[in-house]
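A quick write-up on the structure given underneath.
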Protein chains: 2
Amino acid sequence: MEFIDLDKTASYAKLLNHALREYSFDYAKLDAGRVARCLIPAGGGLMYSWAAKAVDEPEIKLLQALADEQDLIGKYRMLLDGEYMNTGEHRRVLHHLLRGRLGKPVIHQGKDLEQFYSGELERVAAFADRVSGGELRGGSGKPFSAAVQIGIGGSDLGPRALYLALENWAIASGRKNMDAAFISNVDPDDGAKVVSSLDLERTLFILVSKSGTTQETLANELFVRDRLKKAGLDPAKHLVAITSETSPLARNPAYLDSFYMDDFIGGRYSSSSPAGGVILSLAFGSRSFREFLDGAHEADKLALESRVTENASLLAALIGVWERNLMGYTATAALPYSQALSRFPAHLQQLDMESNGKRVNRDGRPIAYATGPLVFGEPGTNGQHSFYQLLHQGTDTVPLEFIGFLESQRGEDIEAEGSTSQTKLKANLAAQIVAFARGRKLDHSQENFTREFPGGRPSSLIYGKKAEPRSLGALLAHFENKVMFQGFLWNINSFDQEGVQLGKELTKKALASGSRGSSGDSALDAYLKLLGIQEES
Amino acid sequence: MEFIDLDKTASYAKLLNHALREYSFDYAKLDAGRVARCLIPAGGGLMYSWAAKAVDEPEIKLLQALADEQDLIGKYRMLLDGEYMNTGEHRRVLHHLLRGRLGKPVIHQGKDLEQFYSGELERVAAFADRVSGGELRGGSGKPFSAAVQIGIGGSDLGPRALYLALENWAIASGRKNMDAAFISNVDPDDGAKVVSSLDLERTLFILVSKSGTTQETLANELFVRDRLKKAGLDPAKHLVAITSETSPLARNPAYLDSFYMDDFIGGRYSSSSPAGGVILSLAFGSRSFREFLDGAHEADKLALESRVTENASLLAALIGVWERNLMGYTATAALPYSQALSRFPAHLQQLDMESNGKRVNRDGRPIAYATGPLVFGEPGTNGQHSFYQLLHQGTDTVPLEFIGFLESQRGEDIEAEGSTSQTKLKANLAAQIVAFARGRKLDHSQENFTREFPGGRPSSLIYGKKAEPRSLGALLAHFENKVMFQGFLWNINSFDQEGVQLGKELTKKALASGSRGSSGDSALDAYLKLLGIQEES
């Protein structure tokens, strides 16, 4: 397999030439026929519509050639087969295997990792069933009624986004077993607020740290243990650990139970592992989590298709590269028309920016083209009353990724002025796609262009019947696979995060310097003094 | 007063020449002396540190000349004096007056608006006192224990961000009177979830819509009224309205009481009006809201200073223009090291992007330079484990605005490995500033640059003793005034939002078309069919 920087490929040269000399796209093309034509299944009942993206046959043909030249599907197969695709850290990348095997068996140091992962997920299911059945109880003998995840980054954002995404669905479908809450920030006010709202006797804490050394998470664990002790409860009966088998937290009697993953599951890809599984299974039942994994597996399977117009995540990746590298757009907005997905953009932000915010290729050599865009978003219709002004009339073009569902989760709705709220929500979504694409031109004789909309804002739409475990599994996997394919296109390693290290090192230095000391760095000392950590000399 | 497009000023030509030919900035300059020198009070006890921004004496001199040439302080004074600075809508811009008068008396149609605003805010305070004193009660005679705001955009983001920002502080200082919640999205699951968690007998709803015609808000009001009726409660005893005196909601017996603002208070600037005042006064007492206003007023006063190195919001605005127009950076990250500010970036996102995401000047004529950047952010330390990878090692430079506090709000902390969590939080903040500024260069003989950090990521820090009403008022006003000064620099109207209109119009069309009809737009119809609003023909 060849790994080539994007700008060394023949297809990229052709794309560049095409973009500079020939490309034009008229959004007047956006009609019923195009909407019907540009539609692909994305798994879990989802459909991906790219009709309002500014690419057509000539661009698709060139993007297909790029996909073929970079052998994106071949690289995806390598990853599925357990190759060491996380080059810098020399690790395999196996989050797909959590959802089901699509490649060769992966044997690592004599262990079949499919069996290891599925075994742990079966243990998670059995554990959740014992808790919800009242068999496993807290230190004072009361059944657990709340689960609180202590974790940060990938141990927080994905599981939290999914919990919020499914809560209303679970209530409406009778699958809500337990409330969940999350403590992530090292800011002591975060943990204090969450803990003060809990009935500790009935609370199960889930500590998530693969390495077992995450500073924020360990500080919050200590805080929680202290509170449990002060409440007369045995922390070992209220805490479970999700970690790697080599971490200090593993097989530790200080925890009620432990569930394991390994270095081949990156934090931001760990929602499908026990890091997402324990809390989601406790909250909504193990069956719901299984459905989530099945939906993700469906999307993973579809991602094997080599024709770009039949592979939603692959096409989304290629269009993203077209927008980033050929059109020069620097950001992407994730816009779910679903309040359930209120924190899903925050998860996508990590997934995308931490995976592809890189400036060296997979061998560590500098590259000369743009990689991962800035990703942000809030749910519509809220965003419409906030930052959409800039999206419509700002001086930069921001490509958009809309998400929508036909039905609400709770089905509690009301009709006003002839339509339900769910219909209004969807009408807004449809209207925005068209408004962003076409805009509204004013006559050149006008003197005031305040009410002119340039249009030409490309968007995609991924939608399904309802936000429920299977569709959300597919939605998550769609974006994971999109990010993966983009990493292959850019020839970067999407699976490490060396960019977090320098801050960690300087923080250690700062903390080691103490209140009277010096960190050996005059600027750092100066800021530590401003913030009252070091005393003024 | 002259209003000149940025690229028509002599100072901008000089800045451009300087940026292209002479400018260089060495982050090695960042030392204790520079940190001490580049520090300005920002009101409410806050300090603004710009030491880690990549500007020095030559740039400051040119930016001062630009500020003088564009007469930014003169324009601010015009605004304070009640001039019609919202040109397109021909409106005054008077949110500063809510906090205290700094200009001439503003008499509108014979009415002194200072008296009008302060009179309404006094009525708000009296109302909140009567509710918390148990004098005003719900329909079944029980005292109110929760307040729920129904509003979207500026009627939601600012008040919600401030409620979350102050909740822990209020608990710790004995000022928490009432819980608050918010319903904003037209997605029916939003309202259904909030309402299902409430004891309706004890809940007071606050409807916020200046025009009284906001689609999402009216749909949610109807839902809430329906639920109140079904619970056997009289909605008129559980709802107050915040609106303009000319709206259909005004002086309407369907509400327990009504509080007024006018067209001179923009939605995204309305946190200082009854739109923020009612819910914050109910939740934390009217005294807390008064302190918030006082803090904002302090910042407003400081913003009158014409020397740029003595005026925090002015300098922040100028540095922002330097970064956007001279350096070409397209985004800004707002990074509060305070869990209390978890939604403050979402408010800043609206404030900035809706105000300055414009492509015509204040007279409606097209401009040829970049205006408002994309604004996003999440609290540190969470962001460190998410998108900071891209900020440190991505291919684009994103300027950063850090926010921090010396003390936590609740003071419930724990020491681990020799430091409290609050100290860890601040050490992380200090470390990040230095890491972003200086990076870490590797030897050129290296073959692998995965662990190289380019540095050169400029940041500012605004910090105070604690997140409490006065400091948060100043923080809010600091950013409002920064955005205002940038609007003056770009010669745009920061106070309208015409960019939201086209989507609204198309939504109306879509809803009017009904399930069997046609909107008259083939693409819109096609999306309405995908989403199940129109039937397939």
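Here, A, B, ... name the chains of the structure tokens in the order displayed, residue numbers run from 1 inside each chain, and ligands are numbered from 1 in the same displayed order.
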
List the spatial neighbours of A:Leu314 as a PyMOL selection string - criterion: any atom at most 7 Å away, only C-alpha atoms, same-chain residues fewer than 5 positions off excluded. chain A and resi 303+308+482+485

Quick one: write out the picked residues with N, CA and C atoms as a PDB file, in the first residue's frame?
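For reference, again_10.pdb as written:
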ATOM      1  N   ALA A 303     -19.526   1.783   4.425  1.00  0.00           N
ATOM      2  CA  ALA A 303     -18.310   2.562   4.138  1.00  0.00           C
ATOM      3  C   ALA A 303     -17.293   1.762   3.324  1.00  0.00           C
ATOM      4  N   VAL A 308     -17.981   6.258  -5.053  1.00  0.00           N
ATOM      5  CA  VAL A 308     -18.155   7.358  -4.096  1.00  0.00           C
ATOM      6  C   VAL A 308     -19.614   7.804  -3.992  1.00  0.00           C
ATOM      7  N   LYS A 482     -16.091   9.349   7.987  1.00  0.00           N
ATOM      8  CA  LYS A 482     -15.753  10.533   7.195  1.00  0.00           C
ATOM      9  C   LYS A 482     -14.391  11.096   7.625  1.00  0.00           C
ATOM     10  N   PHE A 485     -11.574   8.766   6.484  1.00  0.00           N
ATOM     11  CA  PHE A 485     -11.251   8.885   5.054  1.00  0.00           C
ATOM     12  C   PHE A 485     -10.498  10.191   4.771  1.00  0.00           C
TER      13      PHE A 485
END

(message) Neighbouring residues of stretch 216-224 of chain B were defined as those with any atom within 10 Å, considering only C-alpha atoms; residues of the same chain fewer than 5 positions away were excluded. Please report them as a ChimeraX atom specification.
(response) /A:381-382,412-417,419-421,424-425 /B:149-152,155,183-188,190-192,195,200,205-209,229-230,235,238-239

Please identify every residue of chain B that has at least one atom no more than 6 Å from any atom of chain A, counting only C-alpha atoms, and report them as a compact mmCIF listing (two decimals) with N, CA and C atoms, in the first residue's frame.
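Once written, part_39.txt looks like this:
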# COMPACT_ATOMS: atom_id res chain seq x y z
N LEU B 30 7.87 37.50 25.17
CA LEU B 30 6.90 37.24 26.24
C LEU B 30 7.66 36.84 27.50
N ASP B 31 7.87 37.83 28.38
CA ASP B 31 8.54 37.55 29.65
C ASP B 31 7.80 38.28 30.76
N ALA B 32 8.33 38.21 31.97
CA ALA B 32 7.65 38.78 33.12
C ALA B 32 7.39 40.27 32.93
N GLY B 153 -32.68 32.71 20.83
CA GLY B 153 -31.67 33.68 20.43
C GLY B 153 -31.27 34.53 21.63
N ASN B 185 -35.93 25.91 21.69
CA ASN B 185 -36.06 25.32 20.35
C ASN B 185 -37.52 25.04 20.02
N VAL B 186 -37.89 25.18 18.74
CA VAL B 186 -39.25 24.82 18.32
C VAL B 186 -39.40 23.29 18.31
N ASP B 187 -38.30 22.56 18.33
CA ASP B 187 -38.35 21.10 18.49
C ASP B 187 -39.23 20.78 19.71
N PRO B 188 -40.34 20.05 19.51
CA PRO B 188 -41.26 19.83 20.64
C PRO B 188 -40.62 19.06 21.79
N ASP B 190 -37.88 19.68 23.18
CA ASP B 190 -37.25 20.61 24.11
C ASP B 190 -38.24 20.99 25.22
N GLN B 339 -16.03 26.30 34.74
CA GLN B 339 -17.19 25.51 34.32
C GLN B 339 -18.46 26.35 34.37
N GLN B 350 -23.23 34.23 19.43
CA GLN B 350 -24.32 35.04 18.87
C GLN B 350 -23.93 36.51 18.83
N MET B 353 -21.06 36.97 16.06
CA MET B 353 -21.35 36.56 14.68
C MET B 353 -22.62 37.20 14.14
N GLU B 354 -23.61 37.42 15.01
CA GLU B 354 -24.84 38.06 14.53
C GLU B 354 -24.63 39.57 14.37
N GLY B 357 -21.23 39.64 11.44
CA GLY B 357 -21.19 38.79 10.24
C GLY B 357 -21.94 39.47 9.10
N LYS B 358 -21.34 40.52 8.56
CA LYS B 358 -22.01 41.39 7.59
C LYS B 358 -21.11 41.59 6.37
N ARG B 359 -21.71 41.81 5.23
CA ARG B 359 -20.93 42.02 4.01
C ARG B 359 -21.27 43.32 3.29
N GLY B 364 -25.36 50.02 3.48
CA GLY B 364 -25.85 48.96 2.60
C GLY B 364 -24.99 48.73 1.37
N ARG B 365 -23.80 49.35 1.33
CA ARG B 365 -22.94 49.16 0.15
C ARG B 365 -21.93 48.04 0.41
N ALA B 370 -12.70 41.48 5.02
CA ALA B 370 -13.33 40.53 5.93
C ALA B 370 -13.91 41.26 7.14
N THR B 381 -10.79 22.93 31.45
CA THR B 381 -9.84 22.09 30.79
C THR B 381 -10.47 21.16 29.75
N ASN B 382 -11.79 21.17 29.62
CA ASN B 382 -12.44 20.23 28.70
C ASN B 382 -11.93 20.36 27.27
N HIS B 385 -8.83 18.55 26.07
CA HIS B 385 -8.97 17.13 25.72
C HIS B 385 -9.84 16.96 24.48
N SER B 386 -10.06 18.05 23.75
CA SER B 386 -10.93 17.97 22.58
C SER B 386 -10.26 18.68 21.41
N PHE B 387 -10.61 19.91 21.14
CA PHE B 387 -10.18 20.57 19.90
C PHE B 387 -8.85 21.29 20.01
N GLN B 389 -5.99 20.13 20.11
CA GLN B 389 -5.05 19.51 19.16
C GLN B 389 -4.91 20.37 17.90
N LEU B 390 -6.03 20.74 17.32
CA LEU B 390 -6.00 21.56 16.10
C LEU B 390 -5.45 22.95 16.40
N HIS B 392 -3.24 23.75 18.56
CA HIS B 392 -1.79 23.68 18.73
C HIS B 392 -1.06 23.29 17.45
N GLN B 393 -1.61 22.33 16.74
CA GLN B 393 -0.84 21.75 15.63
C GLN B 393 -1.59 21.74 14.30
N GLY B 394 -2.74 22.40 14.22
CA GLY B 394 -3.45 22.45 12.94
C GLY B 394 -2.75 23.35 11.95
N THR B 395 -3.28 23.37 10.72
CA THR B 395 -2.60 24.16 9.68
C THR B 395 -3.04 25.62 9.67
N LEU B 406 -9.51 33.64 39.84
CA LEU B 406 -8.58 33.15 40.85
C LEU B 406 -9.21 32.10 41.76
N ASP B 413 -13.23 22.03 47.53
CA ASP B 413 -12.10 21.60 46.72
C ASP B 413 -11.37 20.50 47.47
N SER B 421 -7.78 21.41 43.07
CA SER B 421 -8.28 21.37 41.70
C SER B 421 -8.29 22.78 41.10
N GLN B 422 -8.64 23.79 41.91
CA GLN B 422 -8.64 25.16 41.40
C GLN B 422 -7.24 25.57 40.97
N LEU B 425 -6.52 23.92 37.74
CA LEU B 425 -7.24 24.60 36.67
C LEU B 425 -6.46 25.83 36.18
N ALA B 427 -3.24 26.48 36.73
CA ALA B 427 -1.93 26.10 36.19
C ALA B 427 -2.08 25.67 34.73
N ASN B 428 -3.15 24.97 34.43
CA ASN B 428 -3.41 24.59 33.04
C ASN B 428 -3.58 25.84 32.17
N ALA B 430 -2.43 28.94 32.65
CA ALA B 430 -1.14 29.62 32.45
C ALA B 430 -0.26 28.84 31.47
N ALA B 431 -0.25 27.53 31.64
CA ALA B 431 0.59 26.69 30.78
C ALA B 431 0.15 26.78 29.33
N GLN B 432 -1.15 26.81 29.10
CA GLN B 432 -1.65 26.87 27.72
C GLN B 432 -1.24 28.17 27.04
N ALA B 435 2.32 27.78 26.12
CA ALA B 435 2.50 26.74 25.10
C ALA B 435 2.04 27.24 23.73
N ASN B 448 11.21 13.34 12.25
CA ASN B 448 9.80 13.25 12.63
C ASN B 448 9.41 14.50 13.42
N PHE B 449 8.43 15.22 12.92
CA PHE B 449 8.04 16.49 13.53
C PHE B 449 6.67 16.40 14.23
N THR B 450 6.24 15.17 14.51
CA THR B 450 4.94 14.99 15.17
C THR B 450 4.89 15.74 16.50
N GLY B 499 -29.81 39.00 7.92
CA GLY B 499 -29.45 37.67 7.43
C GLY B 499 -30.38 36.57 7.89
N VAL B 500 -31.24 36.86 8.85
CA VAL B 500 -32.16 35.82 9.32
C VAL B 500 -33.46 35.82 8.52
N GLY B 503 -34.51 32.91 5.43
CA GLY B 503 -34.92 31.61 5.96
C GLY B 503 -36.33 31.67 6.53
N LEU B 506 -38.85 31.71 3.60
CA LEU B 506 -39.00 30.41 2.96
C LEU B 506 -39.72 29.42 3.89
N THR B 507 -39.49 29.54 5.20
CA THR B 507 -40.20 28.67 6.14
C THR B 507 -41.70 28.93 6.07
N ALA B 510 -43.04 27.38 3.03
CA ALA B 510 -43.10 25.92 3.19
C ALA B 510 -44.31 25.54 4.01
N SER B 522 -39.36 24.19 -6.61
CA SER B 522 -39.17 22.74 -6.79
C SER B 522 -38.17 22.15 -5.80
N ALA B 523 -37.10 22.88 -5.49
CA ALA B 523 -36.11 22.34 -4.56
C ALA B 523 -36.68 22.30 -3.15
N ALA B 526 -38.99 19.48 -2.84
CA ALA B 526 -38.28 18.20 -2.78
C ALA B 526 -37.79 17.92 -1.37
N TYR B 527 -37.23 18.93 -0.71
CA TYR B 527 -36.78 18.73 0.68
C TYR B 527 -37.97 18.51 1.62
N LEU B 531 -38.51 15.19 3.99
CA LEU B 531 -38.73 15.30 5.44
C LEU B 531 -40.17 14.96 5.84

#### Entry: Per-residue DSSP, stretch 7-226 of chain B, filtered to helix (DSSP H, G or I), as a PyMOL selection string
chain B and resi 7-8+10-21+27-29+32-37+57-69+72-80+95-98+113-132+153-155+157-172+188-196+200-202+215-226

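When only C-alpha atoms are used to compute distances to B:Val148, the closest of the residues B:Lys237, B:His18, B:Arg160, B:Arg287 turns out to be B:Arg160.
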
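Put simply, atom CA of B:Tyr255 is 4.7 Å away from atom CA of B:Ala236.
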
Could you list, as a list in words, every residue within 7 Å of A:Lys142, counting only C-alpha atoms and ignoring same-chain residues fewer than 5 positions away?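 The residues satisfying every condition are Arg137, Glu201 and Arg202 of chain A.
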
Okay, now the selection with N, CA and C atoms, as an mmCIF file, in the first residue's frame?
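Wrote selection.cif, looks like this:
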data_model
loop_
_atom_site.group_PDB
_atom_site.id
_atom_site.type_symbol
_atom_site.label_atom_id
_atom_site.label_comp_id
_atom_site.auth_asym_id
_atom_site.auth_seq_id
_atom_site.Cartn_x
_atom_site.Cartn_y
_atom_site.Cartn_z
ATOM 1 N N ARG A 137 -26.304 -3.400 44.511
ATOM 2 C CA ARG A 137 -26.801 -2.216 45.201
ATOM 3 C C ARG A 137 -25.660 -1.422 45.838
ATOM 4 N N GLU A 201 -26.281 7.602 48.254
ATOM 5 C CA GLU A 201 -26.579 6.195 48.554
ATOM 6 C C GLU A 201 -27.033 5.428 47.319
ATOM 7 N N ARG A 202 -27.628 6.172 46.374
ATOM 8 C CA ARG A 202 -28.202 5.521 45.191
ATOM 9 C C ARG A 202 -27.412 5.817 43.917
#

### Task
Please provide as a PyMOL selection string all residues within 12 Å of B:Leu136, with the sequence filter that same-chain residues fewer than 5 positions apart are discarded (counting only C-alpha atoms).
chain B and resi 126-131+141-145+202-204+237-238+256-257+282

Restricted to N, CA and C atoms, what would the selected residues look like written as a PDB file, in the first residue's frame?
ATOM      1  N   ALA B 126     -39.102  44.713  42.031  1.00  0.00           N
ATOM      2  CA  ALA B 126     -40.235  44.621  42.962  1.00  0.00           C
ATOM      3  C   ALA B 126     -41.006  43.318  42.744  1.00  0.00           C
ATOM      4  N   PHE B 127     -41.174  42.969  41.481  1.00  0.00           N
ATOM      5  CA  PHE B 127     -41.886  41.727  41.144  1.00  0.00           C
ATOM      6  C   PHE B 127     -41.132  40.520  41.720  1.00  0.00           C
ATOM      7  N   ALA B 128     -39.821  40.490  41.465  1.00  0.00           N
ATOM      8  CA  ALA B 128     -39.021  39.358  41.952  1.00  0.00           C
ATOM      9  C   ALA B 128     -39.074  39.280  43.472  1.00  0.00           C
ATOM     10  N   ASP B 129     -39.033  40.428  44.127  1.00  0.00           N
ATOM     11  CA  ASP B 129     -39.108  40.431  45.591  1.00  0.00           C
ATOM     12  C   ASP B 129     -40.449  39.884  46.079  1.00  0.00           C
ATOM     13  N   ARG B 130     -41.527  40.234  45.364  1.00  0.00           N
ATOM     14  CA  ARG B 130     -42.849  39.738  45.769  1.00  0.00           C
ATOM     15  C   ARG B 130     -42.966  38.229  45.557  1.00  0.00           C
ATOM     16  N   VAL B 131     -42.340  37.750  44.498  1.00  0.00           N
ATOM     17  CA  VAL B 131     -42.383  36.298  44.262  1.00  0.00           C
ATOM     18  C   VAL B 131     -41.560  35.576  45.318  1.00  0.00           C
ATOM     19  N   GLY B 141     -52.228  28.531  44.741  1.00  0.00           N
ATOM     20  CA  GLY B 141     -51.877  29.117  46.023  1.00  0.00           C
ATOM     21  C   GLY B 141     -50.508  28.751  46.555  1.00  0.00           C
ATOM     22  N   LYS B 142     -49.770  27.925  45.817  1.00  0.00           N
ATOM     23  CA  LYS B 142     -48.436  27.544  46.293  1.00  0.00           C
ATOM     24  C   LYS B 142     -47.392  28.566  45.840  1.00  0.00           C
ATOM     25  N   PRO B 143     -46.372  28.806  46.670  1.00  0.00           N
ATOM     26  CA  PRO B 143     -45.325  29.739  46.236  1.00  0.00           C
ATOM     27  C   PRO B 143     -44.542  29.164  45.050  1.00  0.00           C
ATOM     28  N   PHE B 144     -43.998  30.056  44.239  1.00  0.00           N
ATOM     29  CA  PHE B 144     -43.201  29.615  43.081  1.00  0.00           C
ATOM     30  C   PHE B 144     -41.823  29.140  43.542  1.00  0.00           C
ATOM     31  N   SER B 145     -41.386  28.028  42.970  1.00  0.00           N
ATOM     32  CA  SER B 145     -40.040  27.533  43.290  1.00  0.00           C
ATOM     33  C   SER B 145     -39.166  27.386  42.040  1.00  0.00           C
ATOM     34  N   ARG B 202     -45.881  25.192  40.974  1.00  0.00           N
ATOM     35  CA  ARG B 202     -44.884  26.066  41.584  1.00  0.00           C
ATOM     36  C   ARG B 202     -43.985  26.730  40.537  1.00  0.00           C
ATOM     37  N   THR B 203     -44.417  26.679  39.280  1.00  0.00           N
ATOM     38  CA  THR B 203     -43.554  27.194  38.218  1.00  0.00           C
ATOM     39  C   THR B 203     -44.106  28.476  37.604  1.00  0.00           C
ATOM     40  N   LEU B 204     -43.220  29.438  37.443  1.00  0.00           N
ATOM     41  CA  LEU B 204     -43.553  30.698  36.781  1.00  0.00           C
ATOM     42  C   LEU B 204     -42.836  30.723  35.436  1.00  0.00           C
ATOM     43  N   LYS B 237     -52.033  32.992  35.617  1.00  0.00           N
ATOM     44  CA  LYS B 237     -51.375  33.139  36.928  1.00  0.00           C
ATOM     45  C   LYS B 237     -49.975  32.556  36.936  1.00  0.00           C
ATOM     46  N   HIS B 238     -49.549  32.013  35.788  1.00  0.00           N
ATOM     47  CA  HIS B 238     -48.239  31.352  35.741  1.00  0.00           C
ATOM     48  C   HIS B 238     -47.333  31.893  34.645  1.00  0.00           C
ATOM     49  N   LEU B 256     -49.790  37.356  33.995  1.00  0.00           N
ATOM     50  CA  LEU B 256     -49.761  37.815  35.372  1.00  0.00           C
ATOM     51  C   LEU B 256     -49.190  39.230  35.457  1.00  0.00           C
ATOM     52  N   ASP B 257     -48.185  39.488  34.658  1.00  0.00           N
ATOM     53  CA  ASP B 257     -47.581  40.823  34.614  1.00  0.00           C
ATOM     54  C   ASP B 257     -46.771  40.924  33.324  1.00  0.00           C
ATOM     55  N   LEU B 282     -35.337  36.635  39.859  1.00  0.00           N
ATOM     56  CA  LEU B 282     -36.095  35.573  40.513  1.00  0.00           C
ATOM     57  C   LEU B 282     -35.152  34.517  41.084  1.00  0.00           C
TER      58      LEU B 282
END
